[in-house]
file run.txt (compact mmCIF, C-alpha atoms)
# COMPACT_ATOMS: atom_id res chain seq x y z
CA MET A 1 50.00 21.81 120.85
CA MET A 2 48.92 20.57 124.24
CA ASN A 3 52.08 21.70 126.06
CA ARG A 4 52.99 24.79 124.06
CA ILE A 5 52.24 28.50 124.39
CA THR A 6 51.80 30.39 121.14
CA ALA A 7 52.31 34.10 120.52
CA THR A 8 51.10 36.01 117.47
CA TYR A 9 53.21 38.94 116.31
CA TYR A 10 52.68 41.68 113.75
CA ILE A 11 56.13 42.25 112.25
CA GLU A 12 57.89 44.51 109.77
CA THR A 13 61.28 43.56 108.34
CA ALA A 14 63.56 44.09 105.36
CA LEU A 15 64.33 40.35 105.44
CA ASP A 16 62.17 37.57 104.17
CA PRO A 17 59.55 37.30 106.97
CA HIS A 18 60.25 33.56 107.39
CA GLN A 19 63.91 34.34 108.02
CA ALA A 20 63.08 37.14 110.48
CA ALA A 21 60.65 34.88 112.36
CA ALA A 22 63.37 32.23 112.68
CA VAL A 23 65.71 34.85 114.19
CA LEU A 24 63.03 35.77 116.73
CA ALA A 25 62.44 32.13 117.65
CA GLY A 26 66.15 31.49 118.12
CA GLU A 27 66.81 34.62 120.18
CA GLN A 28 63.89 33.92 122.51
CA SER A 29 64.72 30.28 123.25
CA SER A 30 67.83 28.12 122.94
CA GLY A 31 69.68 29.99 120.19
CA THR A 32 71.96 32.99 119.91
CA PHE A 33 73.59 34.84 117.01
CA VAL A 34 75.99 31.94 116.39
CA ALA A 35 75.93 28.18 116.99
CA VAL A 36 77.45 27.21 120.35
CA PRO A 37 78.67 23.92 121.82
CA GLY A 38 75.91 21.97 123.51
CA GLU A 39 73.18 23.15 121.16
CA THR A 40 72.33 19.63 120.11
CA GLU A 41 69.41 18.56 117.97
CA SER A 42 67.77 16.85 120.95
CA LEU A 43 68.10 20.03 123.02
CA LYS A 44 66.61 22.14 120.26
CA HIS A 45 63.78 19.66 119.78
CA GLN A 46 62.73 20.09 123.41
CA PHE A 47 63.52 23.74 124.09
CA ALA A 48 63.77 25.70 120.84
CA ALA A 49 60.90 27.97 119.89
CA ARG A 50 59.07 26.94 116.75
CA VAL A 51 57.74 29.13 113.94
CA GLU A 52 54.22 27.84 113.38
CA GLU A 53 52.96 30.20 110.69
CA VAL A 54 54.01 33.19 108.60
CA LYS A 55 51.28 35.12 106.79
CA ALA A 56 52.56 37.80 104.42
CA LEU A 57 50.75 41.14 104.40
CA ASP A 58 51.72 44.39 102.64
CA ASP A 59 55.06 46.08 101.89
CA VAL A 60 56.06 49.66 102.72
CA ASP A 61 58.90 51.87 101.50
CA LEU A 62 59.93 53.38 104.83
CA PRO A 63 60.58 51.63 108.16
CA SER A 64 58.12 52.20 111.00
CA LEU A 65 60.87 52.28 113.63
CA PRO A 66 64.36 53.78 113.33
CA VAL A 67 67.28 51.41 112.74
CA THR A 68 70.99 52.09 113.21
CA GLN A 69 71.97 50.10 110.13
CA MET A 70 69.49 51.15 107.47
CA THR A 71 68.63 48.28 105.19
CA LYS A 72 67.15 49.19 101.86
CA GLY A 73 63.43 48.53 101.54
CA PRO A 74 60.89 47.43 100.78
CA TYR A 75 59.90 46.49 104.31
CA HIS A 76 57.69 43.44 104.51
CA ARG A 77 54.84 43.17 107.00
CA ALA A 78 53.49 39.84 108.18
CA MET A 79 51.66 38.03 110.96
CA VAL A 80 53.77 35.30 112.51
CA ARG A 81 52.92 32.68 115.12
CA VAL A 82 55.72 31.31 117.30
CA SER A 83 55.33 28.65 119.99
CA TRP A 84 57.35 27.58 123.02
CA SER A 85 57.25 24.43 125.11
CA LEU A 86 56.08 24.81 128.69
CA ASP A 87 59.36 23.08 129.59
CA ASN A 88 61.07 26.42 129.04
CA PHE A 89 59.34 28.35 131.85
CA GLY A 90 56.69 26.17 133.48
CA ASN A 91 53.96 28.18 135.24
CA ASN A 92 56.23 31.17 135.88
CA LEU A 93 54.40 34.26 134.55
CA PRO A 94 57.35 36.69 134.79
CA GLU A 95 59.48 34.25 132.78
CA LEU A 96 56.67 33.82 130.28
CA ILE A 97 56.70 37.59 129.74
CA SER A 98 60.49 37.58 129.40
CA THR A 99 60.08 34.96 126.69
CA VAL A 100 57.24 36.41 124.59
CA GLN A 101 58.04 40.09 125.21
CA GLY A 102 61.73 40.35 125.98
CA ASN A 103 64.81 40.97 123.84
CA LEU A 104 62.89 40.37 120.63
CA TYR A 105 62.08 44.10 120.58
CA GLU A 106 65.81 44.80 120.39
CA LEU A 107 66.47 42.70 117.30
CA ARG A 108 67.82 44.81 114.45
CA GLN A 109 66.17 42.49 111.93
CA PHE A 110 62.84 44.14 112.73
CA THR A 111 61.65 47.65 111.93
CA GLY A 112 58.38 46.90 113.67
CA LEU A 113 57.19 44.22 116.07
CA ARG A 114 54.01 43.99 118.14
CA LEU A 115 52.66 41.17 120.31
CA MET A 116 49.06 40.70 119.19
CA ASP A 117 47.74 37.67 121.06
CA LEU A 118 48.62 34.71 123.25
CA GLU A 119 47.24 31.18 123.19
CA PHE A 120 47.59 28.98 126.26
CA PRO A 121 47.02 25.24 126.73
CA ASP A 122 44.24 24.32 129.15
CA ALA A 123 46.70 22.86 131.65
CA PHE A 124 48.54 26.19 131.87
CA VAL A 125 45.40 28.29 132.35
CA SER A 126 43.97 25.90 134.96
CA HIS A 127 47.09 26.35 137.10
CA PHE A 128 45.98 29.94 137.78
CA ARG A 129 42.82 30.74 139.70
CA GLY A 130 42.22 33.96 137.82
CA PRO A 131 39.85 36.62 139.21
CA ALA A 132 38.52 35.73 142.65
CA HIS A 133 35.38 37.84 142.14
CA GLY A 134 35.02 38.88 138.51
CA ILE A 135 31.83 40.39 137.12
CA ASP A 136 29.40 38.36 139.22
CA GLY A 137 31.37 38.86 142.41
CA CYS A 138 31.59 42.62 141.94
CA ARG A 139 27.84 42.74 141.35
CA LYS A 140 27.27 40.75 144.54
CA LEU A 141 29.56 43.02 146.55
CA THR A 142 27.75 46.16 145.36
CA GLY A 143 24.22 44.77 145.04
CA VAL A 144 23.92 46.08 141.48
CA TYR A 145 22.57 43.54 138.99
CA ASP A 146 20.50 45.20 136.26
CA ARG A 147 22.75 47.97 134.91
CA PRO A 148 26.40 49.04 134.80
CA LEU A 149 28.04 49.87 138.10
CA MET A 150 28.25 53.65 138.30
CA GLY A 151 31.58 54.91 139.57
CA THR A 152 33.69 57.99 140.04
CA ILE A 153 37.18 59.09 140.99
CA ILE A 154 38.15 61.34 143.87
CA LYS A 155 38.92 64.71 142.30
CA PRO A 156 41.05 66.81 142.62
CA SER A 157 43.39 63.84 142.13
CA VAL A 158 45.86 65.06 144.76
CA GLY A 159 45.46 67.72 147.41
CA LEU A 160 42.27 66.98 149.36
CA THR A 161 42.61 66.23 153.05
CA PRO A 162 41.07 63.04 154.50
CA ASP A 163 38.18 65.09 155.91
CA GLN A 164 37.54 66.78 152.56
CA THR A 165 37.65 63.40 150.84
CA ALA A 166 35.16 62.01 153.35
CA ASP A 167 32.84 64.98 152.78
CA LEU A 168 32.88 64.28 149.04
CA VAL A 169 32.22 60.58 149.62
CA THR A 170 29.25 61.56 151.79
CA GLN A 171 27.75 63.55 148.90
CA LEU A 172 28.34 60.69 146.48
CA ALA A 173 26.88 58.12 148.85
CA THR A 174 23.73 60.19 149.24
CA ALA A 175 23.54 60.42 145.44
CA GLY A 176 23.51 56.64 145.09
CA ILE A 177 27.01 56.00 143.70
CA ASP A 178 28.09 52.35 143.47
CA PHE A 179 31.86 52.69 143.26
CA ILE A 180 34.48 55.26 144.26
CA LYS A 181 38.21 55.05 143.72
CA ASP A 182 41.33 56.97 144.58
CA ASP A 183 43.08 58.56 141.65
CA GLU A 184 46.09 56.56 140.45
CA LEU A 185 48.30 59.54 141.37
CA LEU A 186 47.41 59.34 145.04
CA SER A 187 48.29 56.60 147.48
CA SER A 188 49.70 58.59 150.39
CA SER A 189 50.58 62.29 150.34
CA SER A 190 51.85 64.83 152.84
CA ASN A 191 48.34 66.00 153.69
CA SER A 192 46.45 62.73 153.10
CA SER A 193 48.07 59.61 154.48
CA PHE A 194 46.62 56.37 153.18
CA GLU A 195 45.67 55.20 156.65
CA MET A 196 43.85 58.35 157.71
CA ARG A 197 42.04 58.72 154.38
CA LEU A 198 40.92 55.09 154.39
CA GLN A 199 39.66 55.36 157.96
CA LYS A 200 37.66 58.53 157.24
CA VAL A 201 36.17 57.20 154.00
CA MET A 202 35.24 53.83 155.47
CA GLU A 203 33.48 55.56 158.37
CA VAL A 204 31.22 57.23 155.79
CA ILE A 205 30.72 54.04 153.77
CA ASN A 206 29.96 51.89 156.80
CA ARG A 207 27.55 54.46 158.21
CA HIS A 208 25.77 54.65 154.86
CA PHE A 209 25.60 50.85 154.74
CA HIS A 210 24.02 50.61 158.20
CA GLN A 211 21.48 53.29 157.27
CA THR A 212 20.54 52.04 153.80
CA GLY A 213 21.84 48.50 153.33
CA LYS A 214 23.90 49.64 150.33
CA LYS A 215 27.67 48.99 150.54
CA ILE A 216 29.65 51.29 148.27
CA MET A 217 32.77 49.72 146.77
CA TYR A 218 35.79 51.92 147.51
CA ALA A 219 38.98 51.10 145.60
CA ALA A 220 41.69 52.51 147.84
CA ASN A 221 45.01 52.83 145.98
CA ILE A 222 47.40 50.57 147.89
CA SER A 223 50.25 50.85 145.33
CA GLY A 224 53.65 50.97 147.00
CA GLU A 225 56.35 48.64 148.32
CA MET A 226 55.31 45.01 148.86
CA ASP A 227 55.09 44.98 152.67
CA GLU A 228 53.37 48.36 152.61
CA MET A 229 50.78 47.13 150.12
CA MET A 230 49.99 44.02 152.12
CA SER A 231 49.60 46.09 155.28
CA ARG A 232 47.21 48.43 153.49
CA TYR A 233 45.30 45.46 152.07
CA GLU A 234 44.81 44.05 155.57
CA MET A 235 43.64 47.44 156.85
CA ILE A 236 40.95 47.57 154.14
CA VAL A 237 39.72 44.12 155.15
CA LYS A 238 39.73 45.06 158.85
CA LEU A 239 37.67 48.21 158.19
CA GLY A 240 35.08 46.33 156.14
CA GLY A 241 36.15 47.37 152.65
CA SER A 242 35.56 45.25 149.57
CA CYS A 243 38.14 46.48 147.04
CA ALA A 244 41.73 47.62 146.54
CA MET A 245 43.29 49.36 143.57
CA VAL A 246 46.77 48.74 142.22
CA ASN A 247 48.69 50.44 139.41
CA VAL A 248 49.59 47.15 137.74
CA ASN A 249 52.18 48.46 135.29
CA SER A 250 53.97 50.18 138.18
CA ILE A 251 54.09 47.36 140.70
CA GLY A 252 54.48 44.47 138.25
CA ILE A 253 53.16 40.96 137.72
CA ALA A 254 54.59 39.18 140.76
CA ALA A 255 53.49 41.88 143.22
CA THR A 256 50.00 42.08 141.72
CA LYS A 257 49.62 38.30 141.85
CA LYS A 258 50.67 38.25 145.50
CA ILE A 259 47.89 40.73 146.25
CA CYS A 260 45.31 38.91 144.13
CA ASP A 261 46.13 35.56 145.71
CA SER A 262 44.73 36.76 149.05
CA GLY A 263 41.28 36.68 147.45
CA GLU A 264 39.36 38.66 150.07
CA LEU A 265 39.12 41.94 148.14
CA ALA A 266 38.14 42.66 144.57
CA ILE A 267 41.23 44.00 142.79
CA HIS A 268 40.84 47.05 140.56
CA ALA A 269 43.64 47.05 137.95
CA HIS A 270 44.56 50.54 136.82
CA ARG A 271 46.63 50.36 133.64
CA ASN A 272 48.20 53.85 133.76
CA GLY A 273 51.22 53.84 131.48
CA TRP A 274 49.40 51.59 129.02
CA GLY A 275 49.98 54.02 126.16
CA MET A 276 53.72 53.33 126.09
CA PHE A 277 52.98 49.66 125.43
CA THR A 278 50.45 50.14 122.67
CA ARG A 279 50.22 53.59 121.10
CA HIS A 280 52.55 52.81 118.19
CA PRO A 281 50.82 50.34 115.83
CA LEU A 282 54.07 48.43 115.18
CA LEU A 283 55.52 48.31 118.69
CA GLY A 284 54.53 46.93 122.07
CA MET A 285 51.44 44.84 122.47
CA ASP A 286 47.74 44.65 121.72
CA PHE A 287 45.15 44.63 124.49
CA ARG A 288 44.13 41.08 123.50
CA ALA A 289 47.45 39.81 124.80
CA TYR A 290 47.74 42.28 127.68
CA GLN A 291 44.40 41.42 129.27
CA LYS A 292 45.08 37.68 129.22
CA ILE A 293 48.20 38.17 131.29
CA TRP A 294 46.38 40.16 133.97
CA ARG A 295 43.47 37.74 134.01
CA LEU A 296 45.92 34.94 134.78
CA VAL A 297 47.39 37.14 137.52
CA GLY A 298 43.88 37.41 139.00
CA VAL A 299 42.64 41.00 138.77
CA ASP A 300 38.86 41.49 138.95
CA GLN A 301 38.47 44.82 137.13
CA ILE A 302 40.52 46.16 134.19
CA HIS A 303 40.48 49.58 132.53
CA VAL A 304 39.55 49.69 128.83
CA ASN A 305 39.27 53.46 128.24
CA GLY A 306 35.91 54.71 126.91
CA ILE A 307 33.93 55.73 123.85
CA GLN A 308 34.79 59.27 122.69
CA ASN A 309 37.46 59.41 125.38
CA LYS A 310 39.82 62.27 126.15
CA PHE A 311 42.90 60.29 125.11
CA TRP A 312 44.20 59.03 121.74
CA GLU A 313 42.49 55.63 121.64
CA SER A 314 39.85 55.05 118.98
CA ASP A 315 36.31 53.87 119.66
CA ASP A 316 37.02 50.72 117.64
CA SER A 317 39.93 49.91 119.94
CA VAL A 318 37.82 50.43 123.07
CA VAL A 319 35.04 48.21 121.73
CA SER A 320 37.60 45.54 120.81
CA SER A 321 39.04 45.69 124.34
CA ILE A 322 35.63 45.21 125.95
CA GLY A 323 34.99 42.29 123.62
CA ALA A 324 38.34 40.70 124.51
CA LEU A 325 37.43 40.68 128.21
CA MET A 326 34.18 38.92 127.36
CA GLN A 327 35.98 36.02 125.70
CA PRO A 328 36.32 32.95 127.97
CA LEU A 329 39.76 32.12 129.35
CA GLY A 330 39.53 28.52 130.49
CA LYS A 331 37.10 28.19 133.37
CA GLN A 332 38.13 31.46 135.00
CA LEU A 333 35.67 34.18 135.94
CA ASP A 334 35.46 37.11 133.54
CA PRO A 335 36.88 40.42 134.85
CA LEU A 336 34.74 43.55 134.87
CA PRO A 337 35.63 46.05 132.10
CA VAL A 338 36.21 49.54 133.51
CA VAL A 339 35.04 52.27 131.10
CA SER A 340 36.65 55.61 131.89
CA SER A 341 38.38 58.74 130.55
CA GLY A 342 36.30 61.81 129.85
CA GLN A 343 33.02 59.95 130.29
CA TRP A 344 29.59 61.38 131.01
CA GLY A 345 26.12 60.06 130.22
CA GLY A 346 26.27 61.12 126.60
CA GLN A 347 28.58 58.25 125.66
CA ALA A 348 26.23 55.65 127.15
CA PHE A 349 24.17 55.51 123.95
CA GLU A 350 27.09 54.67 121.65
CA THR A 351 28.64 52.34 124.23
CA TRP A 352 25.41 50.36 124.47
CA ARG A 353 24.87 50.37 120.71
CA ARG A 354 28.31 48.95 120.01
CA THR A 355 28.68 46.49 122.91
CA GLU A 356 25.12 45.59 123.98
CA THR A 357 26.36 44.83 127.47
CA THR A 358 25.75 46.37 130.86
CA ASP A 359 28.50 44.27 132.45
CA LEU A 360 30.61 47.37 132.90
CA LEU A 361 31.97 49.63 135.59
CA TYR A 362 31.14 53.01 134.05
CA MET A 363 33.43 55.65 135.51
CA ALA A 364 32.86 59.39 135.32
CA GLY A 365 35.08 61.79 137.25
CA GLY A 366 34.37 65.30 136.02
CA GLY A 367 31.21 63.97 134.40
CA ILE A 368 29.77 63.54 137.90
CA LEU A 369 31.70 65.96 140.08
CA ALA A 370 31.44 68.91 137.67
CA HIS A 371 27.73 68.48 136.92
CA PRO A 372 26.16 71.96 136.98
CA MET A 373 23.55 70.81 139.51
CA GLY A 374 26.13 69.09 141.74
CA PRO A 375 27.55 65.57 142.18
CA GLN A 376 24.21 64.07 143.22
CA ALA A 377 22.65 65.20 139.96
CA GLY A 378 25.75 63.88 138.18
CA VAL A 379 25.14 60.35 139.45
CA LYS A 380 21.45 60.59 138.64
CA ALA A 381 22.18 61.82 135.11
CA LEU A 382 24.51 58.90 134.49
CA LYS A 383 21.85 56.39 135.53
CA GLN A 384 19.25 58.19 133.45
CA ALA A 385 21.47 58.00 130.38
CA TRP A 386 22.08 54.27 130.71
CA ASP A 387 18.43 53.50 131.41
CA ALA A 388 17.47 55.50 128.33
CA ALA A 389 20.09 53.85 126.13
CA VAL A 390 19.06 50.32 127.11
CA GLU A 391 15.39 51.17 126.65
CA GLY A 392 16.09 52.35 123.11
CA LEU A 393 15.67 56.09 123.58
CA THR A 394 17.81 58.47 121.58
CA MET A 395 20.03 60.99 123.31
CA GLU A 396 17.65 63.76 122.23
CA GLU A 397 14.67 61.92 123.74
CA ALA A 398 16.58 61.43 126.99
CA ILE A 399 17.41 65.14 127.11
CA ALA A 400 13.72 65.98 126.75
CA GLU A 401 12.68 63.54 129.48
CA PHE A 402 15.36 63.89 132.19
CA PRO A 403 16.34 67.34 133.53
CA GLU A 404 19.54 66.12 135.21
CA PHE A 405 20.73 64.46 132.03
CA ALA A 406 19.70 67.52 130.02
CA ALA A 407 21.87 69.71 132.23
CA SER A 408 24.86 67.42 131.79
CA ALA A 409 24.36 67.42 128.01
CA GLN A 410 24.21 71.20 128.03
CA LYS A 411 27.61 71.34 129.70
CA PHE A 412 29.60 68.30 128.63
CA SER A 413 28.58 67.96 124.99
CA LYS A 414 30.49 71.19 124.34
CA GLN A 415 33.71 70.00 125.96
call {"tool": "encode", "arguments": {"input": "run.txt", "output": "structure tokens"}}
result
Amino acid sequence: MMNRITATYYIETALDPHQAAAVLAGEQSSGTFVAVPGETESLKHQFAARVEEVKALDDVDLPSLPVTQMTKGPYHRAMVRVSWSLDNFGNNLPELISTVQGNLYELRQFTGLRLMDLEFPDAFVSHFRGPAHGIDGCRKLTGVYDRPLMGTIIKPSVGLTPDQTADLVTQLATAGIDFIKDDELLSSSSNSSFEMRLQKVMEVINRHFHQTGKKIMYAANISGEMDEMMSRYEMIVKLGGSCAMVNVNSIGIAATKKICDSGELAIHAHRNGWGMFTRHPLLGMDFRAYQKIWRLVGVDQIHVNGIQNKFWESDDSVVSSIGALMQPLGKQLDPLPVVSSGQWGGQAFETWRRTETTDLLYMAGGGILAHPMGPQAGVKALKQAWDAAVEGLTMEEAIAEFPEFAASAQKFSKQ
């Protein structure tokens, strides 16, 4: 299928799954609920979606999603693969999304439907540059090569003044942090305009760079209207920054791609709102499909949650997400997985055991800033934990050897 894009769906339906898949294919290409003039065989041959495979799974007695016209069960679950010709949408990513993730969710023939994966022909992938920096580029920008990048988030999320933010960044810089980002809730507030905060923070980062040779990556949250975002992007470049953060689900595919296409800054993709796409097992989309879209868009760093996180996502799901980002996508650079959400050094051991990779941006907000010995000890404890995990020490052995990590374990293991 050299010129076709294929989507895999997990479906639930009271119909025969082959029949339901045919409805999906018709609705999302040349068909509608009834035959119309002009829908010739030659037209359908070129433009109609095609059901490639239907694999029956289990049956259930009750529907996973509510339906207005209740059809008597059982409800059949299946994996289906549907393909579309590139003639339908070309290299237009928003139209691709409208095709593989549009009105199909509205179809009453389904009591569950979830986009699981996407397969692209080489010619389609090669049209998109993908990440401009990726893992290797982010390592080069930060000078960190032999361990995860250690990062944190400005906390409190909203409320600090630019001067207070700069004071916190000064503490973190002294502690040896690699990466700092704005919280996704803050771009510009009444007491912390984006411009003033960026200027104050970059003064600290640039001063620290001139003194030590270490350039901290600061992901300033530029999310906003398009012109506003581009202006903020240019200000980061002018002040010597290396990164910008965008709330990708908020600003959308086209806006994110416009930002990524500039290529000067590493783009940190915050996926806030992700839960509404994926939390229900028979609705929305799987991270395998989601991450491919944003890799085509060109982001350099993508959130994957974290082991033993504070949210609903399971450890298995987090590990699967990290693994998905490690799978090649054409000749594009691999994006850097961002591990976050309730993290401190204690999760380093299980993260390493299950992934065996240090190609991570390991983010700890409270795990650094609320360390009982202060933020500097918080950064040190995080590095100690990862060094110990990679060297094969147990968490108990690390507690006995490193006082900063021991103090963090004393506090955070009880949370």
call {"tool": "closest_residue", "arguments": {"input": "run.txt", "among": "A:Phe179, A:Phe349, A:Tyr105, A:Trp274", "to": "A:Met363", "atoms": "all atoms listed in the file"}}
result
A:Phe179
call {"tool": "closest_atom_pairs", "arguments": {"input": "run.txt", "of": "stretch 323-378 of chain A", "to": "stretch 147-164 of chain A", "cutoff": "8 Å", "atoms": "only C-alpha atoms", "output": "Markdown table"}}
result
| residue | atom | partner | partner_atom | distance |
| --- | --- | --- | --- | --- |
| A:Thr358 | CA | A:Pro148 | CA | 4.8 |
| A:Asp359 | CA | A:Pro148 | CA | 5.7 |
| A:Leu360 | CA | A:Pro148 | CA | 4.9 |
| A:Leu361 | CA | A:Leu149 | CA | 4.7 |
| A:Tyr362 | CA | A:Met150 | CA | 5.2 |
| A:Met363 | CA | A:Gly151 | CA | 4.5 |
| A:Ala364 | CA | A:Thr152 | CA | 5.0 |
| A:Gly365 | CA | A:Thr152 | CA | 4.9 |
| A:Gly366 | CA | A:Lys155 | CA | 7.8 |
| A:Ile368 | CA | A:Thr152 | CA | 7.1 |
| A:Leu369 | CA | A:Lys155 | CA | 7.7 |
call {"tool": "residues_around", "arguments": {"input": "run.txt", "residues": "stretch 372-374 of chain A", "least_positions_apart": "3", "cutoff": "9 Å", "atoms": "only C-alpha atoms", "output": "PDB file with C-alpha atoms, in the coordinates of the input"}}
result
ATOM      1  CA  ILE A 368      29.770  63.540 137.900  1.00  0.00           C
ATOM      2  CA  LEU A 369      31.700  65.960 140.080  1.00  0.00           C
ATOM      3  CA  ALA A 377      22.650  65.200 139.960  1.00  0.00           C
ATOM      4  CA  GLY A 378      25.750  63.880 138.180  1.00  0.00           C
ATOM      5  CA  GLU A 404      19.540  66.120 135.210  1.00  0.00           C
ATOM      6  CA  ALA A 407      21.870  69.710 132.230  1.00  0.00           C
ATOM      7  CA  SER A 408      24.860  67.420 131.790  1.00  0.00           C
ATOM      8  CA  LYS A 411      27.610  71.340 129.700  1.00  0.00           C
TER       9      LYS A 411
END
call {"tool": "residues_near_point", "arguments": {"input": "run.txt", "point": "(36.0, 38.0, 136.7)", "cutoff": "8 Å", "atoms": "only C-alpha atoms", "output": "JSON, numbers by chain"}}
result
{"A": [130, 131, 132, 133, 134, 135, 136, 137, 295, 299, 300, 301, 332, 333, 334, 335, 336]}
call {"tool": "closest_residue", "arguments": {"input": "run.txt", "among": "A:Phe405, A:Ala49, A:Ser30, A:Thr13", "to": "A:Lys72", "atoms": "all atoms listed in the file"}}
result
A:Thr13
call {"tool": "residues_around", "arguments": {"input": "run.txt", "residues": "A:Gly284", "least_positions_apart": "5", "cutoff": "6 Å", "atoms": "only C-alpha atoms", "output": "mmCIF file with C-alpha atoms, in the frame of the given file"}}
result
data_model
loop_
_atom_site.group_PDB
_atom_site.id
_atom_site.type_symbol
_atom_site.label_atom_id
_atom_site.label_comp_id
_atom_site.auth_asym_id
_atom_site.auth_seq_id
_atom_site.Cartn_x
_atom_site.Cartn_y
_atom_site.Cartn_z
ATOM 1 C CA ARG A 114 54.010 43.990 118.140
ATOM 2 C CA PHE A 277 52.980 49.660 125.430
ATOM 3 C CA THR A 278 50.450 50.140 122.670
#
call {"tool": "residues_around", "arguments": {"input": "run.txt", "residues": "A:Phe412", "least_positions_apart": "5", "cutoff": "10 Å", "atoms": "only C-alpha atoms", "output": "PDB file with C-alpha atoms, in the coordinates of the input"}}
result
ATOM      1  CA  GLY A 342      36.300  61.810 129.850  1.00  0.00           C
ATOM      2  CA  GLN A 343      33.020  59.950 130.290  1.00  0.00           C
ATOM      3  CA  TRP A 344      29.590  61.380 131.010  1.00  0.00           C
ATOM      4  CA  GLY A 345      26.120  60.060 130.220  1.00  0.00           C
ATOM      5  CA  GLY A 346      26.270  61.120 126.600  1.00  0.00           C
ATOM      6  CA  GLY A 366      34.370  65.300 136.020  1.00  0.00           C
ATOM      7  CA  GLY A 367      31.210  63.970 134.400  1.00  0.00           C
ATOM      8  CA  ALA A 370      31.440  68.910 137.670  1.00  0.00           C
ATOM      9  CA  HIS A 371      27.730  68.480 136.920  1.00  0.00           C
ATOM     10  CA  PRO A 372      26.160  71.960 136.980  1.00  0.00           C
ATOM     11  CA  ALA A 407      21.870  69.710 132.230  1.00  0.00           C
TER      12      ALA A 407
END
call {"tool": "residues_around", "arguments": {"input": "run.txt", "residues": "A:Ala175", "least_positions_apart": "3", "cutoff": "8 Å", "atoms": "all atoms listed in the file", "output": "compact mmCIF listing (two decimals) with C-alpha atoms, keeping the file's coordinate frame"}}
result
# COMPACT_ATOMS: atom_id res chain seq x y z
CA GLN A 171 27.75 63.55 148.90
CA LEU A 172 28.34 60.69 146.48
CA PRO A 375 27.55 65.57 142.18
CA GLN A 376 24.21 64.07 143.22
CA ALA A 377 22.65 65.20 139.96
CA VAL A 379 25.14 60.35 139.45
CA LYS A 380 21.45 60.59 138.64
call {"tool": "closest_residue", "arguments": {"input": "run.txt", "among": "A:Leu282, A:Ile251, A:Met230, A:Ala389", "to": "A:Leu65", "atoms": "only C-alpha atoms"}}
result
A:Leu282
call {"tool": "closest_residue", "arguments": {"input": "run.txt", "among": "A:Gln109, A:Ser83, A:Asn92, A:Gln347", "to": "A:Val297", "atoms": "only C-alpha atoms"}}
result
A:Asn92
call {"tool": "residues_around", "arguments": {"input": "run.txt", "residues": "stretch 187-195 of chain A", "least_positions_apart": "2", "cutoff": "12 Å", "atoms": "only C-alpha atoms", "output": "PyMOL selection string"}}
result
chain A and resi 154+157-166+181-185+197-202+219-225+228-229+231-236+238-239+244-247
